[in-house]
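Chemist: Have a look at this one.
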Amino acid sequence: QVLETLAGDTITVSIVAGDIKLNNATLNQVSGGVEASNGIFYVVDDLIIPSRNTQVDEAVAVCSLPDIPTILKEATFFKTLILALQATDLVDPLSEPNGPFTIFAPADDSFETLPDGLLECLLKDANLPVLKKILEYHVVPGRYLTSDLVGGGSINTLLNGTFVDTTYSYGSVMVNGIMIEEITKDYETSNGIIQLIETGVLVPPSIDLNDFLSGSSCTGLEEIQARSAEDTLKWIGIIVGASGVVALLSTAALFIHRRRDANRP
């Protein structure tokens, strides 16, 4: 016999070795049916799994997946993001059972678009609160597939009072003007979705990176940036005249010297 449920699914009633089976569950025949004012209920020994229910199948599949931080750690292109999440104590908040979340995850290449030395500066203990705000701005509550974002709109982020704007342009979904990588879109995890972005980092409106770079928070940034120019500085001569005035090389002269050195055997 087949019974139809309120959910529109069916339960198959069968007798196996004297037991009454309802799909996978066994009916408790000792207690029998218990009458109530509006019906009868029976006791079974297990949760009855619908014979055809795609929602249950999807839920089981999702529960078998790793969570967001685990997926990020296993990937080869989120090393900088994981380092930043660990430094700001955001790994646990983004782990199971918390969620669901959608994270617009910057790949390593995205962090390379930041000004030289900025990441090193943000990773200093004194600046971790600023870095944490930037990372929270990349996470929104809920599961958002790219198909959910095609219509565009604003979504609140984990950073209180802020939101990101999504748009659809030339076949791609954009977040604050940064494109979601098409090949790796909609990466599902047990507690959310990972959307990879490769061409930039999302910055909250309240944070001005130029002001941050020029402020005392990034003291020593000049030294960090100078490392990349160290080889160039080795051959720049500082000429001190008799009056003690330092003669500085102009940008044009520096360019010429570089070109000449590059062409020397």
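Letters for chains follow the order of the structure tokens (A, B, ...), residue numbers begin at 1 for each chain, and ligand numbers begin at 1 in the order shown.
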Would you please extract all strand (DSSP E or B) residues from segment 75-160 of chain A, as assigned by DSSP on the backbone, and give them as JSON, numbers by chain?
Modeler: {"A": [101, 102, 103, 104, 105, 106, 139, 140, 141, 153, 154, 155, 156]}
Chemist: Would you save the residues from that selection as a CSV table (one decimal), in the first residue's frame, using all heavy atoms?
Modeler:
```csv
chain,number,residue,atom,x,y,z
A,101,PHE,N,27.0,31.3,5.2
A,101,PHE,CA,27.6,32.5,4.7
A,101,PHE,C,27.9,32.4,3.2
A,101,PHE,O,28.1,31.2,2.7
A,101,PHE,CB,28.9,32.8,5.4
A,101,PHE,CG,28.8,32.8,6.9
A,101,PHE,CD1,29.4,31.9,7.7
A,101,PHE,CD2,28.1,33.9,7.6
A,101,PHE,CE1,29.4,31.9,9.1
A,101,PHE,CE2,28.1,34.0,8.9
A,101,PHE,CZ,28.7,33.0,9.7
A,102,THR,N,28.1,33.5,2.6
A,102,THR,CA,28.7,33.6,1.3
A,102,THR,C,29.9,34.5,1.4
A,102,THR,O,29.8,35.6,1.9
A,102,THR,CB,27.7,34.1,0.2
A,102,THR,OG1,26.6,33.2,0.1
A,102,THR,CG2,28.4,34.2,-1.2
A,103,ILE,N,31.0,34.0,1.0
A,103,ILE,CA,32.3,34.8,1.1
A,103,ILE,C,32.8,35.1,-0.3
A,103,ILE,O,32.9,34.2,-1.1
A,103,ILE,CB,33.3,34.0,1.9
A,103,ILE,CG1,34.6,34.9,2.0
A,103,ILE,CG2,33.6,32.6,1.4
A,103,ILE,CD1,35.7,34.4,3.0
A,104,PHE,N,33.0,36.3,-0.6
A,104,PHE,CA,33.6,36.8,-1.8
A,104,PHE,C,35.1,36.7,-1.6
A,104,PHE,O,35.7,37.7,-1.0
A,104,PHE,CB,33.1,38.2,-2.2
A,104,PHE,CG,31.6,38.2,-2.4
A,104,PHE,CD1,30.8,38.8,-1.5
A,104,PHE,CD2,31.0,37.6,-3.5
A,104,PHE,CE1,29.4,38.9,-1.6
A,104,PHE,CE2,29.6,37.6,-3.7
A,104,PHE,CZ,28.8,38.3,-2.7
A,105,ALA,N,35.7,35.6,-1.9
A,105,ALA,CA,37.0,35.3,-1.4
A,105,ALA,C,38.1,35.8,-2.4
A,105,ALA,O,38.2,35.3,-3.5
A,105,ALA,CB,37.2,33.8,-1.3
A,106,PRO,N,38.9,36.7,-1.9
A,106,PRO,CA,40.0,37.2,-2.8
A,106,PRO,C,41.1,36.1,-2.9
A,106,PRO,O,41.6,35.6,-1.9
A,106,PRO,CB,40.6,38.4,-2.0
A,106,PRO,CG,39.6,38.7,-0.9
A,106,PRO,CD,38.9,37.4,-0.6
A,139,VAL,N,32.2,39.1,3.6
A,139,VAL,CA,31.3,38.0,3.9
A,139,VAL,C,29.8,38.5,4.1
A,139,VAL,O,29.6,39.5,4.8
A,139,VAL,CB,31.7,37.3,5.2
A,139,VAL,CG1,30.9,36.1,5.6
A,139,VAL,CG2,33.2,36.9,5.1
A,140,VAL,N,28.9,37.8,3.6
A,140,VAL,CA,27.5,38.1,3.7
A,140,VAL,C,26.7,36.9,4.3
A,140,VAL,O,27.0,35.8,4.0
A,140,VAL,CB,26.8,38.6,2.4
A,140,VAL,CG1,27.5,39.8,1.8
A,140,VAL,CG2,26.8,37.5,1.4
A,141,PRO,N,25.7,37.2,5.1
A,141,PRO,CA,24.9,36.0,5.7
A,141,PRO,C,24.1,35.4,4.5
A,141,PRO,O,23.6,36.1,3.7
A,141,PRO,CB,24.0,36.7,6.7
A,141,PRO,CG,24.7,38.0,7.0
A,141,PRO,CD,25.4,38.4,5.7
A,153,GLY,N,21.7,44.3,-6.9
A,153,GLY,CA,21.1,44.7,-5.6
A,153,GLY,C,22.2,44.9,-4.6
A,153,GLY,O,23.4,44.7,-4.8
A,154,SER,N,21.8,45.2,-3.4
A,154,SER,CA,22.7,45.4,-2.2
A,154,SER,C,22.5,44.3,-1.2
A,154,SER,O,21.3,43.9,-0.9
A,154,SER,CB,22.4,46.7,-1.6
A,154,SER,OG,22.7,47.8,-2.5
A,155,ILE,N,23.5,43.8,-0.6
A,155,ILE,CA,23.5,42.7,0.4
A,155,ILE,C,24.3,43.2,1.6
A,155,ILE,O,25.4,43.6,1.5
A,155,ILE,CB,24.1,41.4,-0.1
A,155,ILE,CG1,23.5,41.1,-1.5
A,155,ILE,CG2,23.9,40.3,0.8
A,155,ILE,CD1,24.2,39.9,-2.2
A,156,ASN,N,23.7,43.1,2.8
A,156,ASN,CA,24.4,43.4,4.0
A,156,ASN,C,25.5,42.4,4.3
A,156,ASN,O,25.4,41.2,4.0
A,156,ASN,CB,23.4,43.3,5.2
A,156,ASN,CG,22.3,44.5,5.2
A,156,ASN,OD1,22.6,45.6,4.7
A,156,ASN,ND2,21.1,44.2,5.6
```
Chemist: Skipping near chain neighbours, those fewer than 2 positions away, what residues fall within 8 Å of Pro97 of chain A using only C-alpha atoms, listed as a ChimeraX atom specification?
Modeler: /A:95,99,191
Chemist: Now that the selection is made, can you save its residues with C-alpha atoms as a CSV table (one decimal), in the first residue's frame?
Modeler:
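The result, written out as out06.csv:
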```csv
chain,number,residue,atom,x,y,z
A,95,SER,CA,33.4,27.5,10.6
A,99,GLY,CA,26.5,30.1,8.9
A,191,ASN,CA,28.0,26.1,5.7
```
Chemist: Please report the interatomic distance between atom CA of Tyr168 of chain A and atom CA of Leu72 of chain A in Å with one decimal.
Modeler: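 Between these atoms lies a distance of 25.6 Å.
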Chemist: I need the residues of segment 13-119 of chain A that end up classed as alpha helix (DSSP H) by DSSP on the backbone, written out as a PyMOL selection string.
Modeler: chain A and resi 54-63+68-74+79-87+108-111+118-119
Chemist: For Asp116 of chain A, which residue among A:Leu209, A:Gln29, A:Val13, A:Pro93 is the nearest when counting only C-alpha atoms?
Modeler: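 Among A:Leu209, A:Gln29, A:Val13, A:Pro93, it is A:Leu209 that comes nearest to Asp116 of chain A.
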Chemist: Show which residues sit within 12 Å of Gln86 of chain A, as a list of chain:residue names. Count only C-alpha atoms, and ignore same-chain residues fewer than 4 positions away.
Modeler: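 Listing them by chain and then by number gives A:Pro69, A:Leu72, A:Lys73, A:Lys79, A:Thr80, A:Leu81, A:Ile82, A:Leu90, A:Val91, A:Asp92, A:Pro93, A:Leu94, A:Leu123, A:Leu128, A:Leu131, A:Lys132, A:Leu135.
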Chemist: Limited to C-alpha atoms, could you put the picked residues into a file as a PDB file, in the first residue's frame?
Modeler:
```
ATOM      1  CA  PRO A  69      37.719  27.538   6.170  1.00  0.00           C
ATOM      2  CA  LEU A  72      39.971  27.663   1.663  1.00  0.00           C
ATOM      3  CA  LYS A  73      42.873  25.873   3.367  1.00  0.00           C
ATOM      4  CA  LYS A  79      47.061  31.230   1.176  1.00  0.00           C
ATOM      5  CA  THR A  80      47.029  34.973   1.836  1.00  0.00           C
ATOM      6  CA  LEU A  81      43.342  34.960   2.739  1.00  0.00           C
ATOM      7  CA  ILE A  82      43.812  32.116   5.227  1.00  0.00           C
ATOM      8  CA  LEU A  90      37.924  34.881  11.924  1.00  0.00           C
ATOM      9  CA  VAL A  91      38.465  31.187  11.169  1.00  0.00           C
ATOM     10  CA  ASP A  92      36.223  29.914  13.982  1.00  0.00           C
ATOM     11  CA  PRO A  93      33.358  32.381  13.301  1.00  0.00           C
ATOM     12  CA  LEU A  94      33.292  31.173   9.683  1.00  0.00           C
ATOM     13  CA  LEU A 123      49.159  42.293   9.454  1.00  0.00           C
ATOM     14  CA  LEU A 128      44.571  43.879  12.789  1.00  0.00           C
ATOM     15  CA  LEU A 131      42.202  44.143   8.503  1.00  0.00           C
ATOM     16  CA  LYS A 132      39.341  42.376  10.304  1.00  0.00           C
ATOM     17  CA  LEU A 135      37.683  40.733   5.743  1.00  0.00           C
TER      18      LEU A 135
END
```
Chemist: Pick from A:Gly152, A:Gly32, A:Gly142, A:Pro204: nearest to Met174 of chain A, with only C-alpha atoms counted?
Modeler: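 For Met174 of chain A, the nearest of the candidates is A:Gly152.
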Chemist: To one decimal place in Å, what is the distance between atom CA of Ser206 of chain A and atom CA of Gly161 of chain A?
Modeler: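 A separation of 10.4 Å between them.
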Chemist: In Å, rounded to a single decimal, give me how far atom CA of Ile178 of chain A is from atom CA of Glu198 of chain A.
Modeler: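 Value for the atom CA of Glu198 of chain A-atom CA of Ile178 of chain A distance: 8.0 Å.
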